[in-house]
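First up is the structure itself, then whatever we jot down about it.
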Amino acid sequence: MSRQGSSLRTYLLTRVALAVPTVLILLTMVFLLMRVAPGNPIQAALGGHVSQKQIAIRSHRAGYDRPILEQYGDYLKGAVTGHLGTTLTDHRTIGNIIVENGSATLELAIAAFAIALAVGIPIGISAGRWRDTPVDIGGRLFGIVIYAAPVFFTGFLAQLLFGTALGWLPTSGRVGPITEFELSKPTHFYLIDSLVTGNWSAFSDVVLHLILPALTLGLLISGVIIRLVRVNMLQTMKGDYVEAARARGIRERRVVIHHAFRNALVPVVTVAGLQFATLLGGAILTEQTFNWPGIGAELVRYLNNRDYIAVQGIVTVFAIAVVVVSVLIDIINAFVDPRVRY
Amino acid sequence: MAGIGRLSGLRRLGRDVHEARGVPKWILYSGLGIVAFFVILAIFSAQIAPYGFDQIAANGSPFPKQAPPSGAHLFGTTVQSTDVLSRVIWGSRTAIEVVVVAVALSLTVGVPLGLVSGYVGGKLDRGLVLIMDALFAFPYILLAIVIAFLLSSSIGQGIFTAAAAITVVYVPQYFRVVRNHVISVREEAYVEAARALGASRAVIIRRYVLSNVIQNVPVIATLNAADAILTLAALGFLGYGIQPTQAAEWGYDISRAVDDVGAGIWWTGLFPGLAIVLLVTGFTLIGEGLNDVLNPVIRYRRIRRPQIPPLEPEVSPLPAREREVVRR
Amino acid sequence: MIAREPVLEASGLRVWYGTEGDPVRAVDGVSLALRAGETLGLVGESGCGKSTLGRAIIGLLPDSAATAGSVRLRGRELLELEPSDLLSLRGPELGLIFQEPMTRLDPLVTIEDHFLEALREHEPELDSEEMRRRALEALGGMGIPPTRFRQYPHEFSGGMRQRIMIALALVLNPKVVVADEPTTALDVIVEAQILGILADLRRNFDAALLLITHNLGIVAEACDRVAVMYAGKIAEEGPARQVFSEPAHPYTRELLRSTISLSTTGLHYIPGAPPDLIDPPPACRFHPRCPDAMRVCAERDPVEVRTGEQRVLCWLHGPEDRIPPGGHAPLERREIALAEEA
């Protein structure tokens with residue numbers, strides 16, 4: 001077992017090490033993007049509201065009059081240590097934004113991803129197993145159409161149906177105002193917080209508010225998952241080891257789930273993880289639609305206010321998050337598939 | 001599969017499409033039908049739409065505000081008193097225009113980059129791959145928003161800005177696919193032969209490599225088109241896309257509609273949304289259909305189990321007439 | 001050797017594959033008998049239908065294949081069985097050893113779990129200790145040490161994987177084992193080992209073995225009887241020694257002559273190419289390439305003739321009363337065009 005153990009460790013270390021250049025490139029790109037716009041970001045954000053002298057002072061304080069390489073170095077240092085600055089327009093630290101709004105987005109993203117898997121995987125397996133039957137065609141069509149529906153349109157329809165017409169679910173916000181006031185938030189993950197403090201009314205309020213946005217976002221991703229699982233199932237069902245298992249008289253059901261599906265899952269895990277990027281993007285739109293106080297909604301707000309520092313900080317966080325998730329996915333993959341180790 | 005000449009790849013594609021049968025064929029043709037419908041709407045918007053995209057009155061009388069569907073306004077009117085049906089039709093023009101520009105731009109940038117990078121290799125290739133992978137990892141809506149936002153302060157908003165934002169997001173896709181294919185084609189015998197004959201790099205890339213690689217491009221292009229529409233709508237929804245004064249855009253219309261969900265006003269959002277779903281589905285179907293037709297692993301021809309006839313009875317003996325004995 | 005009751009009997013077996021046009025007549029009227037403890041070698045050129053024949057016995061044909069005729073396992077008709085009944089027979093009654101061992105094991109599943117799965121499916125009354133013991137015993141017989149029981153397929157070489165496959169097929173003690181070119185993908189040394197194992201089979205397991213191969217040397221070494229297949233029909237069948245020392249069918253004779261050994265001084269080959277199974281030559285299918293062809297060979301289907309323990313399908317051996325006058329004359333043929341070789 002020791003031989004396997006060390007190869008796994010080597011793989012993990014190598015993988016993490018490879019993530020560094022990617023992060024570096026992304027951060028550089030963000031840095032350059034933010035400085036592409038002409039003029040001083042401070043000027044752009046506050047010009048017209050504040051006197052020129054104030055602008056000059058604040059520019060100096062924020063370091064915008066220093067040589068560009070110094071600014072680059074500072075930025076990278078800040079990204080690594082987590083001190084990405086303070087927003088221009090409302091004096092929040094980026095750290096604070098990450099904790100308060102980031103947790104909202106993360107909660108939404110995880111719930112949506114869970115729904116996407118719960119819906120997408122069974123449909124994908126069925127479509128692959130009963131190929132070219134109505135089940136398959138229906139599943140594929142569902143996947144295509146759901147991907148074609150912009151998440152804000154699905155959200156709009158969901159709000160119309162479940163909110164206005166049926167009145168079952170709330171259509172806006174993360175919790176009602178009373179819960180917002182009463183709930184103590186040690187982790188800022190409201191689901192966990194309400195459970196941990198035993199606040200049942202808060203818990204149900206949180207869940208009710210979470211259903212529609214998570215469903216909307218989750219269904220969008222499920223379309224991609226269906227397509228992925230189906231294609232990989234078709235491939236693995238033809239596999240030699242599948243045929244060999246049938247030759248030993250193993251029941252079809254077990255062959256499909258235990259052999260074909262598990263092998264199909266291997267590439268799916270990877271690509272599904274890549275959907276995290278799509279998930280984040282979709283989160284921005286979903287948060288707008290449902291007034292969900294997540295980091296995406298904040299990004300839009302700061303963009304509208306031309307708060308470059310806030311935008312830079314948030315985009316940096318997104319970039320790092322994406323790389324971290326892709327490393328995590330590769331690690332999971334290494335555990336799932338014994339062949340993938342250096 | 002070797003083939004010389006710039007268009008041989010596309011010709012092969014055409015033949016495969018023509019020979020397609022069964023489910024992939026229907027998928028492909030439905031997609032083409034849907035897209036054709038919207039293209040017609042786009043080209044003939046002025047003739048088909050009952051009103052202009054920002055028209056709020058006709059024949060002297062102003063349109064009602066947020067009126068439900070009726071005889072005069074088949075899809076109802078919006079909060080700004082514009083006709084929903086007309087805006088949906090004019091919206092097709094906007095969508096198709098942006099798609100065409102975005103796909104054209106992405107192709108002209110992504111494909112040559114992929115060709116050169118894949119064929120030349122070395123540091124250039126490694127560097128490009130690193131950049132493209134990083135771009136690829138980024139949430140594309142985020143990238144599009146940031147680009148659109150930045151461009152809007154310099155060249156203003158409009159079709160080109162939206163298209164450019166989409167292009168930046170999609171170039172890595174083309175780059176990747178083309179580059180990978182080039183690498184596998186690069187070592188083929190016919191390319192080596194051309195090199196031995198002294199053909200210059202540019203000629204080899206253009207005549208031999210491109211014609212084979214180009215087969216993959218249409219599938220990506222159709223998926224690109226589908227995503228372009230979604231990205232355009234997303235940008236419009238957030239307010240960074242086409243401005244309402246410039247043209248009609250479906251995403252923007254939905255953003256207005258979301259505000260009025262509480263009042264139960266469904267027509268302002270439903271119809272633009274359905275238009276998006278339909279057009280994107282159309283492009284996706286073309287892409288999926290093409291993929292099914294071209295991909296030999298998944299290709300599935302209609303093979304029926306044969307009927308084995310019962311054994312024939314013994315052959316009756318030859319007639320008594322002798323045949324001539326022939327010597328060997 | 002006393003002739004025992006055949007364990008498996010095929011009579012008039014036909015297997016046709018569907019195509020977009022006319023069907024491929026892979027097996028077109030084959031009758032065979034397998035006896036317990038006996039190894040029957042099935043030889044022929046590539047594409048003569050021997051693999052199809054093996055699969056038809058196990059019931060592992062693709063959906064596009066149709067069968068006719070009869071295959072009886074201890075009196076039970078296999079071709080008409082419900083799929084679920086056939087499934088319960090595969091493993092404990094019928095075993096199949098595949099050609100390409102590298103891809104026949106599920107890469108995500110340990111060797112141990114492969115065995116446990118097969119045993120749980122067919123002998124669920126055993127407890128896991130007993131199952132493990134059986135599995136280790138079968139593996140031990142193949143020379144795989146127990147310490148490697150929990151490893152994954154990719155950690156074994158090709159030869160070892162084939163041995164694992166054989167052990168997996170044998171652990172359930174099937175009465176009939178079909179080995180489809182088990183050593184073709186392996187190097188000569190490993191091949192010798194595998195053949196030794198298969199030779200032991202006859203003694204230790206009392207199974208009937210159908211050894212499908214295109215290598216005559218293997219047949220001579222490892223088989224009691226041999227059946228020579230050509231274009232979907234059995235050309236000749238009999239005790240291995242007899243058939244090889246006194247081949248009755250011209251095809252067998254030519255095959256033996258084309259085999260290269262240390263004493264070969266010149267290359268001998270059979271002119272022409274294997275026949276098209278969609279539209280095979282009329283009457284005797286070998287007649288276009290047969291050096292001894294007579295006129296009747298091109299006009300009438302040959303009749304099977306038995307002499308002692310041998311049987312042959314060739315007009316050279318009569319029956320005389322069925323051959324019309326003038327039928328014995330040598331067949332006049334055009335020169336076999338070189339193009340046919342391509």
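Every chain in the structure tokens takes a letter, A first, then B, and so on in the order presented; its residues are numbered from 1, and the ligands are numbered from 1 following the presented order.
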
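In this structure, the chain A residues at most 6 Å away from chain B are Val145, Ala148, Ala149, Phe153, Leu160, Thr164, Ala277, Thr278 and Gly281 of chain A, with only C-alpha atoms considered.
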
Next, dump the selected residues to file, keeping only N, CA and C atoms, as a compact mmCIF listing (two decimals), in the first residue's frame.
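Writing done, so here's selection-v1.txt:
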```txt
# COMPACT_ATOMS: atom_id res chain seq x y z
N VAL A 145 -33.02 22.07 -24.21
CA VAL A 145 -33.91 23.20 -24.01
C VAL A 145 -33.61 23.92 -22.69
N ALA A 148 -30.82 26.09 -23.14
CA ALA A 148 -31.13 27.21 -24.02
C ALA A 148 -31.91 28.30 -23.29
N ALA A 149 -32.53 27.95 -22.18
CA ALA A 149 -33.31 28.94 -21.45
C ALA A 149 -32.38 29.71 -20.54
N PHE A 153 -34.59 33.86 -17.39
CA PHE A 153 -35.90 33.56 -17.93
C PHE A 153 -36.56 32.45 -17.13
N LEU A 160 -43.08 33.65 -11.53
CA LEU A 160 -44.45 33.82 -11.99
C LEU A 160 -45.33 32.70 -11.49
N THR A 164 -46.15 34.26 -7.83
CA THR A 164 -47.34 35.07 -8.05
C THR A 164 -48.59 34.21 -8.21
N ALA A 277 -17.30 26.97 -13.07
CA ALA A 277 -17.13 28.29 -13.66
C ALA A 277 -18.47 28.79 -14.21
N THR A 278 -19.17 27.91 -14.90
CA THR A 278 -20.49 28.29 -15.42
C THR A 278 -21.43 28.63 -14.26
N GLY A 281 -20.85 32.04 -13.04
CA GLY A 281 -21.42 33.00 -13.98
C GLY A 281 -22.93 33.05 -13.87
```

Discussion item. Env of Arg306 (chain C): 10 Å cut, atoms = only C-alpha atoms, seq-sep filter 4 positions within chain, self excluded. Answer as a PyMOL selection string.
Written reply: chain C and resi 236-238+310-313+317

Worksheet entry | At most 6 Å to chain C: residues in chain A, only C-alpha atoms, as number ranges by chain | A: 240-241, 244, 248-249

Worksheet, complete the sentence: Nearest to Glu187 (chain B), restricted to only C-alpha atoms and choosing among B:Val100, B:Ala199, B:Tyr208, B:Arg126, comes out as B:Tyr208

Item to complete: One decimal, Å: what's the distance from CA of Met142 (chain C) over to CA of Arg163 (chain C), could you say?
Response: 5.8 Å

Practice prompt. Pick out the chain C residues within 10 Å of chain B. Count only C-alpha atoms. Give them as number ranges by chain.
Written response: C: 12, 14-25, 29, 62-69, 295, 299-301, 322-333

Output of the above residues as a CSV table (one decimal), in the first residue's frame, restricted to N, CA and C atoms:
```csv
chain,number,residue,atom,x,y,z
C,12,GLY,N,-27.0,-27.8,-37.3
C,12,GLY,CA,-27.5,-26.9,-38.3
C,12,GLY,C,-27.5,-25.4,-37.9
C,14,ARG,N,-27.0,-21.7,-37.7
C,14,ARG,CA,-26.7,-20.6,-38.7
C,14,ARG,C,-26.7,-19.3,-37.9
C,15,VAL,N,-25.7,-18.4,-38.1
C,15,VAL,CA,-25.7,-17.1,-37.5
C,15,VAL,C,-25.5,-16.1,-38.6
C,16,TRP,N,-26.5,-15.2,-38.9
C,16,TRP,CA,-26.3,-14.2,-39.9
C,16,TRP,C,-26.3,-12.9,-39.3
C,17,TYR,N,-25.4,-12.0,-39.7
C,17,TYR,CA,-25.4,-10.6,-39.2
C,17,TYR,C,-26.1,-9.7,-40.2
C,18,GLY,N,-26.9,-8.8,-39.7
C,18,GLY,CA,-27.6,-7.8,-40.5
C,18,GLY,C,-26.6,-6.7,-40.9
C,19,THR,N,-26.8,-6.2,-42.2
C,19,THR,CA,-26.0,-5.1,-42.6
C,19,THR,C,-27.0,-4.1,-43.2
C,20,GLU,N,-26.5,-3.0,-43.8
C,20,GLU,CA,-27.4,-2.1,-44.5
C,20,GLU,C,-28.0,-2.8,-45.7
C,21,GLY,N,-27.2,-3.8,-46.3
C,21,GLY,CA,-27.7,-4.5,-47.5
C,21,GLY,C,-28.0,-5.9,-47.1
C,22,ASP,N,-27.4,-6.9,-47.8
C,22,ASP,CA,-27.7,-8.3,-47.6
C,22,ASP,C,-26.9,-8.7,-46.3
C,23,PRO,N,-27.4,-9.8,-45.7
C,23,PRO,CA,-26.8,-10.2,-44.4
C,23,PRO,C,-25.5,-10.9,-44.7
C,24,VAL,N,-24.6,-10.9,-43.6
C,24,VAL,CA,-23.4,-11.7,-43.7
C,24,VAL,C,-23.6,-13.0,-43.1
C,25,ARG,N,-23.3,-14.1,-43.8
C,25,ARG,CA,-23.6,-15.4,-43.4
C,25,ARG,C,-22.4,-16.0,-42.6
C,29,GLY,N,-24.6,-23.2,-41.2
C,29,GLY,CA,-24.9,-24.7,-41.2
C,29,GLY,C,-23.8,-25.4,-40.5
C,62,PRO,N,-24.3,-9.7,-31.0
C,62,PRO,CA,-24.9,-8.4,-31.0
C,62,PRO,C,-26.4,-8.4,-31.5
C,63,ASP,N,-27.1,-7.3,-31.2
C,63,ASP,CA,-28.5,-7.3,-31.6
C,63,ASP,C,-28.8,-7.5,-33.1
C,64,SER,N,-27.8,-7.2,-33.9
C,64,SER,CA,-28.0,-7.3,-35.3
C,64,SER,C,-27.8,-8.7,-35.9
C,65,ALA,N,-27.6,-9.7,-35.0
C,65,ALA,CA,-27.4,-11.1,-35.4
C,65,ALA,C,-28.6,-11.9,-35.2
C,66,ALA,N,-28.9,-12.7,-36.2
C,66,ALA,CA,-30.0,-13.7,-36.1
C,66,ALA,C,-29.5,-15.1,-36.1
C,67,THR,N,-30.2,-16.0,-35.4
C,67,THR,CA,-29.7,-17.4,-35.3
C,67,THR,C,-30.8,-18.3,-35.8
C,68,ALA,N,-30.4,-19.4,-36.3
C,68,ALA,CA,-31.3,-20.5,-36.6
C,68,ALA,C,-30.6,-21.8,-36.4
C,69,GLY,N,-31.4,-22.9,-36.2
C,69,GLY,CA,-30.8,-24.2,-35.9
C,69,GLY,C,-30.9,-24.5,-34.4
C,295,ARG,N,-15.7,-30.7,-61.3
C,295,ARG,CA,-16.9,-29.9,-61.8
C,295,ARG,C,-18.0,-30.0,-60.9
C,299,GLU,N,-21.1,-27.1,-58.7
C,299,GLU,CA,-22.5,-27.2,-59.1
C,299,GLU,C,-23.4,-27.7,-57.9
C,300,ARG,N,-22.9,-28.5,-57.1
C,300,ARG,CA,-23.7,-29.0,-56.0
C,300,ARG,C,-23.1,-28.8,-54.6
C,301,ASP,N,-23.9,-28.6,-53.6
C,301,ASP,CA,-23.3,-28.5,-52.2
C,301,ASP,C,-22.8,-29.9,-51.8
C,322,ARG,N,-24.2,-39.7,-55.6
C,322,ARG,CA,-24.8,-38.3,-55.7
C,322,ARG,C,-24.1,-37.5,-56.7
C,323,ILE,N,-22.9,-38.0,-57.2
C,323,ILE,CA,-22.2,-37.2,-58.1
C,323,ILE,C,-22.7,-37.5,-59.5
C,324,PRO,N,-23.1,-36.5,-60.3
C,324,PRO,CA,-23.6,-36.8,-61.6
C,324,PRO,C,-22.5,-37.2,-62.6
C,325,PRO,N,-22.9,-37.8,-63.7
C,325,PRO,CA,-21.8,-38.2,-64.7
C,325,PRO,C,-21.1,-36.9,-65.1
C,326,GLY,N,-19.8,-37.1,-65.3
C,326,GLY,CA,-18.9,-36.0,-65.7
C,326,GLY,C,-18.6,-35.1,-64.5
C,327,GLY,N,-19.1,-35.4,-63.4
C,327,GLY,CA,-18.8,-34.5,-62.3
C,327,GLY,C,-17.4,-34.6,-61.8
C,328,HIS,N,-16.8,-35.7,-62.0
C,328,HIS,CA,-15.4,-35.9,-61.5
C,328,HIS,C,-14.4,-35.2,-62.3
C,329,ALA,N,-14.8,-34.7,-63.5
C,329,ALA,CA,-13.8,-34.0,-64.3
C,329,ALA,C,-13.2,-32.8,-63.6
C,330,PRO,N,-12.0,-32.5,-63.8
C,330,PRO,CA,-11.4,-31.3,-63.2
C,330,PRO,C,-12.1,-30.0,-63.6
C,331,LEU,N,-12.2,-29.2,-62.6
C,331,LEU,CA,-13.0,-27.9,-62.8
C,331,LEU,C,-12.2,-27.0,-63.7
C,332,GLU,N,-12.8,-26.4,-64.7
C,332,GLU,CA,-12.2,-25.4,-65.5
C,332,GLU,C,-12.4,-24.1,-64.9
C,333,ARG,N,-11.3,-23.3,-64.7
C,333,ARG,CA,-11.4,-22.1,-64.0
C,333,ARG,C,-10.6,-21.0,-64.7
```

Worksheet item: When DSSP works through the backbone of this structure, what residues of region 168-283 of chain B end up as helix (DSSP H, G or I), shown as JSON, numbers by chain?
Response: {"B": [168, 169, 170, 171, 172, 173, 174, 175, 176, 177, 178, 179, 180, 181, 182, 183, 184, 185, 186, 189, 190, 191, 192, 193, 194, 195, 196, 201, 202, 203, 204, 205, 206, 207, 208, 209, 210, 211, 212, 213, 217, 218, 219, 220, 221, 222, 223, 224, 225, 226, 227, 228, 229, 230, 231, 232, 233, 234, 235, 236, 237, 238, 250, 251, 252, 253, 254, 255, 256, 257, 258, 261, 262, 263, 267, 268, 269, 270, 271, 272, 273, 274, 275, 276, 277, 278, 279, 280, 281, 282, 283]}

Worksheet item: Using only C-alpha atoms, which residues sit within 9 Å of Gln159 (chain A) once same-chain residues fewer than 4 positions away are excluded, as a PyMOL selection string?
Response: (chain A and resi 154-155+163-165+169-172+212+290) or (chain B and resi 258+261-262)

Same residues, C-alpha atoms, saved as a PDB file, in the first residue's frame:
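File again-v6.pdb, as written:
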```pdb
ATOM      1  CA  THR A 154     -36.307  30.333 -16.000  1.00  0.00           C
ATOM      2  CA  GLY A 155     -36.185  32.402 -12.857  1.00  0.00           C
ATOM      3  CA  GLY A 163     -44.574  33.097  -6.459  1.00  0.00           C
ATOM      4  CA  THR A 164     -47.339  35.066  -8.046  1.00  0.00           C
ATOM      5  CA  ALA A 165     -49.740  32.479  -9.380  1.00  0.00           C
ATOM      6  CA  LEU A 169     -42.658  30.423  -2.382  1.00  0.00           C
ATOM      7  CA  PRO A 170     -40.986  33.770  -1.864  1.00  0.00           C
ATOM      8  CA  THR A 171     -39.378  35.264  -4.930  1.00  0.00           C
ATOM      9  CA  SER A 172     -36.869  37.649  -3.530  1.00  0.00           C
ATOM     10  CA  LEU A 212     -36.461  28.776  -6.346  1.00  0.00           C
ATOM     11  CA  PHE A 290     -33.971  36.871  -7.186  1.00  0.00           C
TER      12      PHE A 290
ATOM     13  CA  VAL B 258     -38.794  40.755 -13.951  1.00  0.00           C
ATOM     14  CA  VAL B 261     -43.624  39.654 -11.863  1.00  0.00           C
ATOM     15  CA  GLY B 262     -45.379  40.494  -8.654  1.00  0.00           C
TER      16      GLY B 262
END
```

Fill in: Residues near Leu88 (chain A), cut-off 7 Å, only C-alpha atoms, skip fewer than 2 positions along chain, as number ranges by chain
A: 86, 90-91, 307, 309

Discussion item. Neighbouring residues of Phe152 (chain A) were defined as those with any atom within 7 Å, considering only C-alpha atoms; residues of the same chain fewer than 3 positions away were excluded. Please report them as a PyMOL selection string.
Written reply: chain A and resi 155-156+285-286+289

Selection file, C-alpha atoms, as an mmCIF file, in the first residue's frame:
```cif
data_model
loop_
_atom_site.group_PDB
_atom_site.id
_atom_site.type_symbol
_atom_site.label_atom_id
_atom_site.label_comp_id
_atom_site.auth_asym_id
_atom_site.auth_seq_id
_atom_site.Cartn_x
_atom_site.Cartn_y
_atom_site.Cartn_z
ATOM 1 C CA GLY A 155 -36.185 32.402 -12.857
ATOM 2 C CA PHE A 156 -38.812 34.731 -14.222
ATOM 3 C CA LEU A 285 -27.592 36.381 -13.166
ATOM 4 C CA THR A 286 -29.600 34.363 -10.683
ATOM 5 C CA THR A 289 -33.205 37.892 -10.752
#
```

Using only C-alpha atoms, which residues sit within 8 Å of region 193-198 of chain C once same-chain residues fewer than 4 positions away are excluded, as an mmCIF file with C-alpha atoms, in the first residue's frame?
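Contents of the output file out.cif:
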```cif
data_model
loop_
_atom_site.group_PDB
_atom_site.id
_atom_site.type_symbol
_atom_site.label_atom_id
_atom_site.label_comp_id
_atom_site.auth_asym_id
_atom_site.auth_seq_id
_atom_site.Cartn_x
_atom_site.Cartn_y
_atom_site.Cartn_z
ATOM 1 C CA MET C 142 -3.104 -19.797 -12.432
ATOM 2 C CA ARG C 163 -4.665 -15.783 -16.373
ATOM 3 C CA THR C 183 -3.232 -16.350 -26.682
ATOM 4 C CA ILE C 189 6.407 -17.532 -23.711
ATOM 5 C CA ARG C 202 -8.976 -31.093 -19.188
ATOM 6 C CA ILE C 218 -1.625 -24.645 -30.645
ATOM 7 C CA ALA C 222 -3.465 -28.718 -26.806
#
```

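One finds CA of Gln235 (chain A) at 26.8 Å from CA of Arg150 (chain C).
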
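CA of Val226 (chain C) lies 24.3 Å from CA of Gly272 (chain C).
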